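So this one's model.cif, mmCIF, C-alpha atoms:
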data_model
#
loop_
_atom_site.label_atom_id
_atom_site.label_comp_id
_atom_site.auth_asym_id
_atom_site.auth_seq_id
_atom_site.Cartn_x
_atom_site.Cartn_y
_atom_site.Cartn_z
CA MET A 1 25.71 2.44 16.86
CA THR A 2 28.59 1.51 19.17
CA ILE A 3 26.24 -0.79 21.05
CA SER A 4 25.14 -2.21 17.72
CA LEU A 5 28.73 -3.01 16.74
CA ILE A 6 29.55 -4.61 20.09
CA LEU A 7 26.45 -6.80 20.18
CA MET A 8 26.91 -7.65 16.53
CA TYR A 9 29.81 -9.85 17.60
CA THR A 10 28.59 -10.95 21.04
CA LEU A 11 25.21 -12.08 19.66
CA ARG A 12 26.60 -13.55 16.48
CA PRO A 13 26.91 -17.16 17.80
CA LEU A 14 23.21 -17.08 18.74
CA ALA A 15 22.25 -15.61 15.39
CA ASP A 16 24.19 -18.33 13.56
CA LYS A 17 22.67 -21.08 15.73
CA TYR A 18 19.05 -19.99 15.34
CA ASN A 19 19.33 -18.43 11.87
CA TRP A 20 17.92 -15.04 12.89
CA LYS A 21 20.02 -12.81 10.70
CA TYR A 22 18.61 -11.29 7.52
CA CYS A 23 20.90 -10.86 4.51
CA GLU A 24 18.83 -9.40 1.68
CA PHE A 25 21.68 -7.05 0.72
CA GLN A 26 24.27 -9.82 0.59
CA MET A 27 26.67 -9.53 -2.36
CA THR A 28 29.65 -11.77 -1.72
CA GLY A 29 27.95 -15.09 -0.95
CA THR A 30 29.15 -14.92 2.68
CA ASP A 31 27.55 -13.52 5.82
CA ASP A 32 29.45 -10.22 5.61
CA CYS A 33 26.08 -8.43 5.66
CA PHE A 34 25.65 -9.31 9.34
CA GLY A 35 26.66 -5.78 10.23
CA LYS A 36 23.93 -4.29 8.03
CA VAL A 37 21.11 -6.19 9.69
CA SER A 38 22.54 -5.15 13.04
CA VAL A 39 22.22 -1.50 12.00
CA LEU A 40 18.64 -2.12 10.80
CA ARG A 41 17.77 -3.60 14.19
CA MET A 42 19.35 -0.62 15.96
CA SER A 43 17.42 1.75 13.69
CA PHE A 44 14.18 -0.02 14.65
CA SER A 45 15.14 0.02 18.34
CA LEU A 46 15.85 3.77 18.24
CA THR A 47 12.48 4.37 16.60
CA ILE A 48 10.65 2.42 19.31
CA PHE A 49 12.63 4.21 22.04
CA HIS A 50 11.83 7.67 20.69
CA LEU A 51 8.15 6.79 20.28
CA ILE A 52 8.10 5.77 23.94
CA MET A 53 9.75 9.06 24.89
CA LEU A 54 7.25 10.99 22.76
CA ILE A 55 4.30 9.35 24.53
CA ILE A 56 5.85 10.11 27.94
CA LEU A 57 6.42 13.79 27.06
CA ILE A 58 2.96 14.45 25.57
CA PRO A 59 1.39 15.46 28.95
CA ARG A 60 4.02 18.23 29.28
CA ALA A 61 4.00 17.92 33.06
CA GLU A 62 6.94 18.96 35.25
CA CYS A 63 8.14 15.37 35.49
CA CYS A 64 8.20 15.18 31.68
CA GLY A 65 10.98 17.78 31.55
CA ALA A 66 12.99 15.86 34.14
CA ILE A 67 12.59 12.64 32.18
CA HIS A 68 13.60 14.38 28.96
CA ASP A 69 16.74 15.94 30.44
CA GLY A 70 17.85 13.20 32.80
CA PHE A 71 17.76 9.50 33.66
CA TRP A 72 20.43 8.75 31.06
CA PRO A 73 21.71 5.49 32.62
CA ILE A 74 18.14 4.16 32.69
CA LYS A 75 17.60 5.27 29.10
CA TYR A 76 20.73 3.41 27.97
CA ILE A 77 19.52 0.26 29.74
CA ILE A 78 16.08 0.55 28.09
CA MET A 79 17.73 1.14 24.71
CA LEU A 80 19.95 -1.90 25.19
CA ALA A 81 16.98 -4.05 26.22
CA ILE A 82 14.98 -3.03 23.14
CA PHE A 83 17.92 -3.78 20.88
CA VAL A 84 18.49 -7.22 22.38
CA GLY A 85 14.76 -7.91 22.10
CA SER A 86 14.84 -6.96 18.41
CA TRP A 87 16.88 -10.09 17.73
CA PHE A 88 13.83 -12.18 18.56
CA ILE A 89 11.74 -10.48 15.86
CA PRO A 90 11.35 -12.61 12.68
CA LYS A 91 13.97 -11.75 10.13
CA ALA A 92 11.43 -11.07 7.36
CA PHE A 93 10.21 -8.00 9.26
CA PHE A 94 13.50 -6.18 8.75
CA GLY A 95 13.24 -6.58 5.00
CA VAL A 96 10.10 -4.44 5.19
CA TRP A 97 11.67 -2.14 7.80
CA GLY A 98 14.61 -1.46 5.49
CA HIS A 99 12.26 -0.11 2.81
CA ILE A 100 10.37 1.96 5.40
CA CYS A 101 13.69 3.51 6.44
CA ARG A 102 14.56 4.17 2.81
CA VAL A 103 11.37 6.21 2.32
CA GLY A 104 11.59 7.86 5.74
CA SER A 105 15.14 8.99 5.07
CA ILE A 106 13.86 11.31 2.32
CA PHE A 107 11.83 13.30 4.85
CA TYR A 108 14.70 13.12 7.33
CA LEU A 109 17.10 14.70 4.81
CA PHE A 110 14.73 17.63 4.27
CA VAL A 111 14.47 18.24 8.02
CA GLN A 112 18.22 17.82 8.44
CA ALA A 113 18.92 20.31 5.63
CA TYR A 114 16.64 22.86 7.30
CA PHE A 115 18.41 22.61 10.65
CA LEU A 116 21.83 22.72 8.99
CA MET A 117 20.95 25.92 7.13
CA ASN A 118 19.43 27.40 10.28
CA LEU A 119 22.60 26.62 12.25
CA ALA A 120 24.78 28.19 9.54
CA TYR A 121 22.68 31.39 9.59
CA LEU A 122 22.81 31.58 13.40
CA TRP A 123 26.61 31.24 13.43
CA ASN A 124 26.91 33.78 10.63
CA ASP A 125 24.67 36.32 12.39
CA HIS A 126 26.47 35.82 15.71
CA LEU A 127 29.94 36.36 14.22
CA LEU A 128 28.80 39.34 12.14
CA GLY A 129 27.22 40.82 15.26
CA ILE A 130 30.56 40.56 17.06
CA ILE A 131 32.41 42.12 14.11
CA GLN A 132 29.95 45.01 13.87
CA GLY A 133 30.05 45.63 17.61
CA ARG A 134 31.89 48.40 19.37
CA ASN A 135 35.18 46.57 19.61
CA GLY A 136 35.08 45.01 16.15
CA GLU A 137 36.72 41.79 17.32
CA CYS A 138 39.41 40.71 14.84
CA TRP A 139 39.17 37.06 15.89
CA ALA A 140 35.61 36.88 14.55
CA LYS A 141 36.75 38.17 11.15
CA PHE A 142 39.62 35.69 11.17
CA LEU A 143 37.27 32.83 12.05
CA LEU A 144 34.82 33.72 9.29
CA ILE A 145 37.56 33.84 6.67
CA LEU A 146 39.46 30.78 7.93
CA VAL A 147 36.40 28.51 8.12
CA SER A 148 35.20 29.67 4.71
CA LEU A 149 38.57 29.02 3.06
CA ILE A 150 39.24 25.65 4.69
CA SER A 151 35.71 24.39 4.12
CA THR A 152 35.63 25.51 0.49
CA ALA A 153 39.07 24.08 -0.31
CA GLY A 154 38.27 20.78 1.42
CA SER A 155 34.97 20.46 -0.40
CA ILE A 156 36.59 21.10 -3.78
CA VAL A 157 39.30 18.50 -3.15
CA TRP A 158 36.74 15.96 -1.95
CA LEU A 159 34.52 16.55 -4.99
CA VAL A 160 37.49 16.17 -7.36
CA PHE A 161 38.30 12.82 -5.76
CA CYS A 162 34.66 11.78 -6.20
CA TYR A 163 35.05 12.42 -9.93
CA LYS A 164 38.28 10.39 -9.90
CA TRP A 165 36.79 7.47 -7.94
CA PHE A 166 33.34 7.14 -9.46
CA TRP A 167 33.10 8.83 -12.87
CA GLY A 168 32.01 6.47 -15.64
CA CYS A 169 28.37 5.36 -15.41
CA GLY A 170 25.45 7.51 -16.57
CA GLY A 171 23.58 7.71 -13.27
CA ILE A 172 26.74 8.45 -11.30
CA ASN A 173 27.85 11.10 -13.79
CA PHE A 174 24.44 12.77 -13.44
CA ILE A 175 24.74 12.90 -9.63
CA LEU A 176 28.26 14.34 -9.83
CA ILE A 177 27.31 16.98 -12.40
CA LEU A 178 24.12 17.94 -10.55
CA THR A 179 26.00 18.29 -7.26
CA THR A 180 28.64 20.45 -8.95
CA ILE A 181 25.98 22.72 -10.49
CA TYR A 182 24.29 23.24 -7.13
CA ILE A 183 27.59 24.01 -5.41
CA LEU A 184 28.57 26.52 -8.11
CA TRP A 185 25.17 28.19 -7.87
CA PHE A 186 25.39 28.53 -4.09
CA TYR A 187 28.75 30.27 -4.33
CA VAL A 188 27.61 32.47 -7.21
CA ALA A 189 24.48 33.44 -5.24
CA ALA A 190 26.64 34.45 -2.27
CA LEU A 191 29.00 36.49 -4.46
CA LEU A 192 26.18 38.36 -6.22
CA ARG A 193 26.04 40.73 -3.27
CA LEU A 194 29.30 42.22 -4.64
CA PHE A 195 27.15 43.51 -7.52
CA ASN A 196 24.41 44.76 -5.15
CA ILE A 197 22.22 41.73 -5.88
CA VAL A 198 21.17 40.44 -2.47
CA ILE A 199 19.22 37.17 -2.34
CA ARG A 200 19.08 37.24 1.47
CA ASP A 201 20.70 39.76 3.79
CA ASN A 202 22.64 37.23 5.84
CA TYR A 203 23.41 34.78 3.03
CA THR A 204 27.21 34.89 2.78
CA ILE A 205 30.18 32.80 1.67
CA PHE A 206 30.46 31.58 5.26
CA VAL A 207 26.91 30.16 5.16
CA THR A 208 27.67 28.49 1.83
CA SER A 209 30.91 27.02 3.10
CA MET A 210 29.04 25.47 6.03
CA VAL A 211 26.53 23.74 3.77
CA VAL A 212 28.63 22.66 0.78
CA PRO A 213 30.70 20.02 2.66
CA TYR A 214 27.45 18.32 3.59
CA LEU A 215 26.34 18.34 -0.05
CA VAL A 216 29.63 16.74 -1.07
CA PHE A 217 29.26 14.20 1.74
CA LEU A 218 25.78 13.24 0.52
CA CYS A 219 27.13 12.91 -3.02
CA TRP A 220 30.03 10.73 -1.86
CA THR A 221 27.99 8.47 0.40
CA THR A 222 25.47 7.93 -2.41
CA LEU A 223 28.16 6.91 -4.88
CA ALA A 224 30.21 4.92 -2.37
CA SER A 225 27.12 2.89 -1.44
CA ASN A 226 26.57 1.74 -5.03
CA HIS A 227 26.82 -2.08 -5.05
CA SER A 228 27.68 -2.29 -8.75
CA GLN A 229 31.36 -3.08 -9.12
CA GLU A 230 31.20 -1.86 -12.74
CA CYS A 231 30.28 1.64 -11.57
CA ASN A 232 32.03 1.59 -8.19
CA ASP A 233 35.54 0.17 -8.01
CA LEU A 234 35.38 0.57 -4.22
CA ALA A 235 32.24 -1.54 -3.80
CA THR A 236 34.15 -4.37 -2.12
CA SER A 237 36.65 -2.13 -0.31
CA LYS A 238 36.51 -2.59 3.48
CA ALA A 239 37.98 0.88 3.97
CA ASN A 240 35.19 2.35 1.83
CA THR A 241 32.57 0.54 3.90
CA ALA A 242 34.13 1.70 7.16
CA TRP A 243 34.27 5.35 6.07
#
If you convert what's in this file into C-alpha cells, what do you get?
Amino acid sequence: MTISLILMYTLRPLADKYNWKYCEFQMTGTDDCFGKVSVLRMSFSLTIFHLIMLIILIPRAECCGAIHDGFWPIKYIIMLAIFVGSWFIPKAFFGVWGHICRVGSIFYLFVQAYFLMNLAYLWNDHLLGIIQGRNGECWAKFLLILVSLISTAGSIVWLVFCYKWFWGCGGINFILILTTIYILWFYVAALLRLFNIVIRDNYTIFVTSMVVPYLVFLCWTTLASNHSQECNDLATSKANTAW
C-alpha cells in the first residue's frame, strides 16, 4: 500500500495525459478518487503476485521453501513491476475487478475471523498455562487482566462514538444495534462460566476482549465508508478517509 501511495503521485501525470484512471466511485466531481483506483490496481497486483507464488510452491521441492522464505528484494521488484504494468490495463477492467473484490472480501472476512479467534485461544491457553504452572507467574495474571480491561473499555468508548457519529438512518441503526447485541452476547457467554455454564473450556473474557475490538472496527469502517452525506456526516472528511 505504501508503494501504491507513492506511485499514485509519481504516475499521476501519465494517468492524466493518457486518461487511464477509473473513477466509478467519484462523488465530488473532481479526480479525488485517484487514490481508490490506485488501491484497486495494487489489489489486483497482489492477487497476481500470490498466484505466481502459489504456482511456484505447488511442487513442494526444497527450492520452493527457499523461495517462500527468502528472495525478498526480488519479490519487491516483481511486485513493483506488476503494479506499474497494471496501469496499462484498460480502465474498464477495474470496474469489474472492484466487484470481484467486493464478493471475495466476504470469504476473506470469514477466514480472517477464524484466524483471529484461533490466535486469541492460543494466547489465552499459553497465558493460562503459565499461570497454572509451578511458579504461578504473576505477570501472566496481570497481563490477562490488563489486556481484557483496556480492550473492553476501548471497545465500549469506540462503539459509543460510533453511535454519536452515525446514528440516524435505518440501515446504519440496524448495523449498530446488531453489533451491540453480538458484543453483549460474547461477554455474557464468557461470564456464564461463573454459574457453571461452560460453552467452551478456554473461552474467557480475555478471548472476548481480543475479538470485540475487531468487531467494533468492522462496524466503524462499514459506517465510515458510507457515501451518503445524509447518513454519514463524515463522508467528505479527509481525516475520516485517512483513518
Selection under test: the PyMOL selection byres ((chain A and resi 233-240) around 10); residues as a list of chain:residue names: A:Met27, A:Thr28, A:Trp165, A:Phe166, A:Thr221, A:Leu223, A:Ala224, A:Ser225, A:Asn226, A:His227, A:Ser228, A:Gln229, A:Glu230, A:Cys231, A:Asn232, A:Thr241, A:Ala242, A:Trp243
From A:Ile89, A:Ile74, A:Val96, A:Met117, residue lying nearest Tyr214 in chain A [all atoms listed in the file]: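 Checking each of A:Ile89, A:Ile74, A:Val96, A:Met117 against Tyr214 in chain A, counting all atoms listed in the file, the winner is A:Met117.
For the pair CA of Ala61 in chain A and CA of Phe115 in chain A, the interatomic distance is 27.1 Å.
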Matched chain/residue IDs from the PyMOL selection byres ((chain A and resi 93) around 12), as a list in words: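 Selected by the PyMOL selection byres ((chain A and resi 93) around 12) here: Trp20, Lys21, Tyr22, Glu24, Val37, Leu40, Arg41, Phe44, Ser86, Trp87, Phe88, Ile89, Pro90, Lys91, Ala92, Phe94, Gly95, Val96, Trp97, Gly98, His99 and Ile100 of chain A.
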CA of Ser209 in chain A to CA of Tyr121 in chain A, straight-line distance in Å: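 Pair CA of Tyr121 in chain A / CA of Ser209 in chain A returns 11.4 Å.
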Test item: the PyMOL selection byres ((chain A and resi 125) around 12) resolved as a PyMOL selection string: chain A and resi 118-124+126-133+140+144+201-204+206-207
Go ahead and save the residues from that selection, with C-alpha atoms, as a CSV table (one decimal), in the coordinates of the input.
chain,number,residue,atom,x,y,z
A,118,ASN,CA,19.4,27.4,10.3
A,119,LEU,CA,22.6,26.6,12.2
A,120,ALA,CA,24.8,28.2,9.5
A,121,TYR,CA,22.7,31.4,9.6
A,122,LEU,CA,22.8,31.6,13.4
A,123,TRP,CA,26.6,31.2,13.4
A,124,ASN,CA,26.9,33.8,10.6
A,126,HIS,CA,26.5,35.8,15.7
A,127,LEU,CA,29.9,36.4,14.2
A,128,LEU,CA,28.8,39.3,12.1
A,129,GLY,CA,27.2,40.8,15.3
A,130,ILE,CA,30.6,40.6,17.1
A,131,ILE,CA,32.4,42.1,14.1
A,132,GLN,CA,30.0,45.0,13.9
A,133,GLY,CA,30.0,45.6,17.6
A,140,ALA,CA,35.6,36.9,14.6
A,144,LEU,CA,34.8,33.7,9.3
A,201,ASP,CA,20.7,39.8,3.8
A,202,ASN,CA,22.6,37.2,5.8
A,203,TYR,CA,23.4,34.8,3.0
A,204,THR,CA,27.2,34.9,2.8
A,206,PHE,CA,30.5,31.6,5.3
A,207,VAL,CA,26.9,30.2,5.2
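Using only C-alpha atoms for every distance, the candidate list A:Leu218, A:Met210, A:Val39, A:Ile55 yields A:Met210 as the residue closest to Gly154 in chain A.
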For Val147 in chain A, the nearest of the candidates A:Ile205, A:Met79, A:Thr222, A:Leu194, counting all atoms listed in the file: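 Closest to Val147 in chain A, using all atoms listed in the file: A:Ile205.
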Residue nearest Tyr182 in chain A - candidates A:Leu51, A:Val198, A:Val160, A:Val211, atoms counted: all atoms listed in the file: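 Under the stated criterion, the closest residue is A:Val211.
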Shell around Phe49 in chain A at 8 Å using only C-alpha atoms, local window under 3 positions removed, as a PyMOL selection string: chain A and resi 45-46+52-53+78-79+82
Which of A:Val111, A:Ala81, A:Leu54, A:Leu191 sits closest to His68 in chain A [using only C-alpha atoms]: A:Leu54
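Going from CA of Gly85 in chain A to CA of His50 in chain A covers 15.9 Å.
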Among the residues A:Pro59, A:Gly104, A:Pro73, A:Gly65, the one that comes closest to Thr47 in chain A [using all atoms listed in the file]: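 Using all atoms listed in the file, the shortest distance to Thr47 in chain A belongs to A:Gly104.
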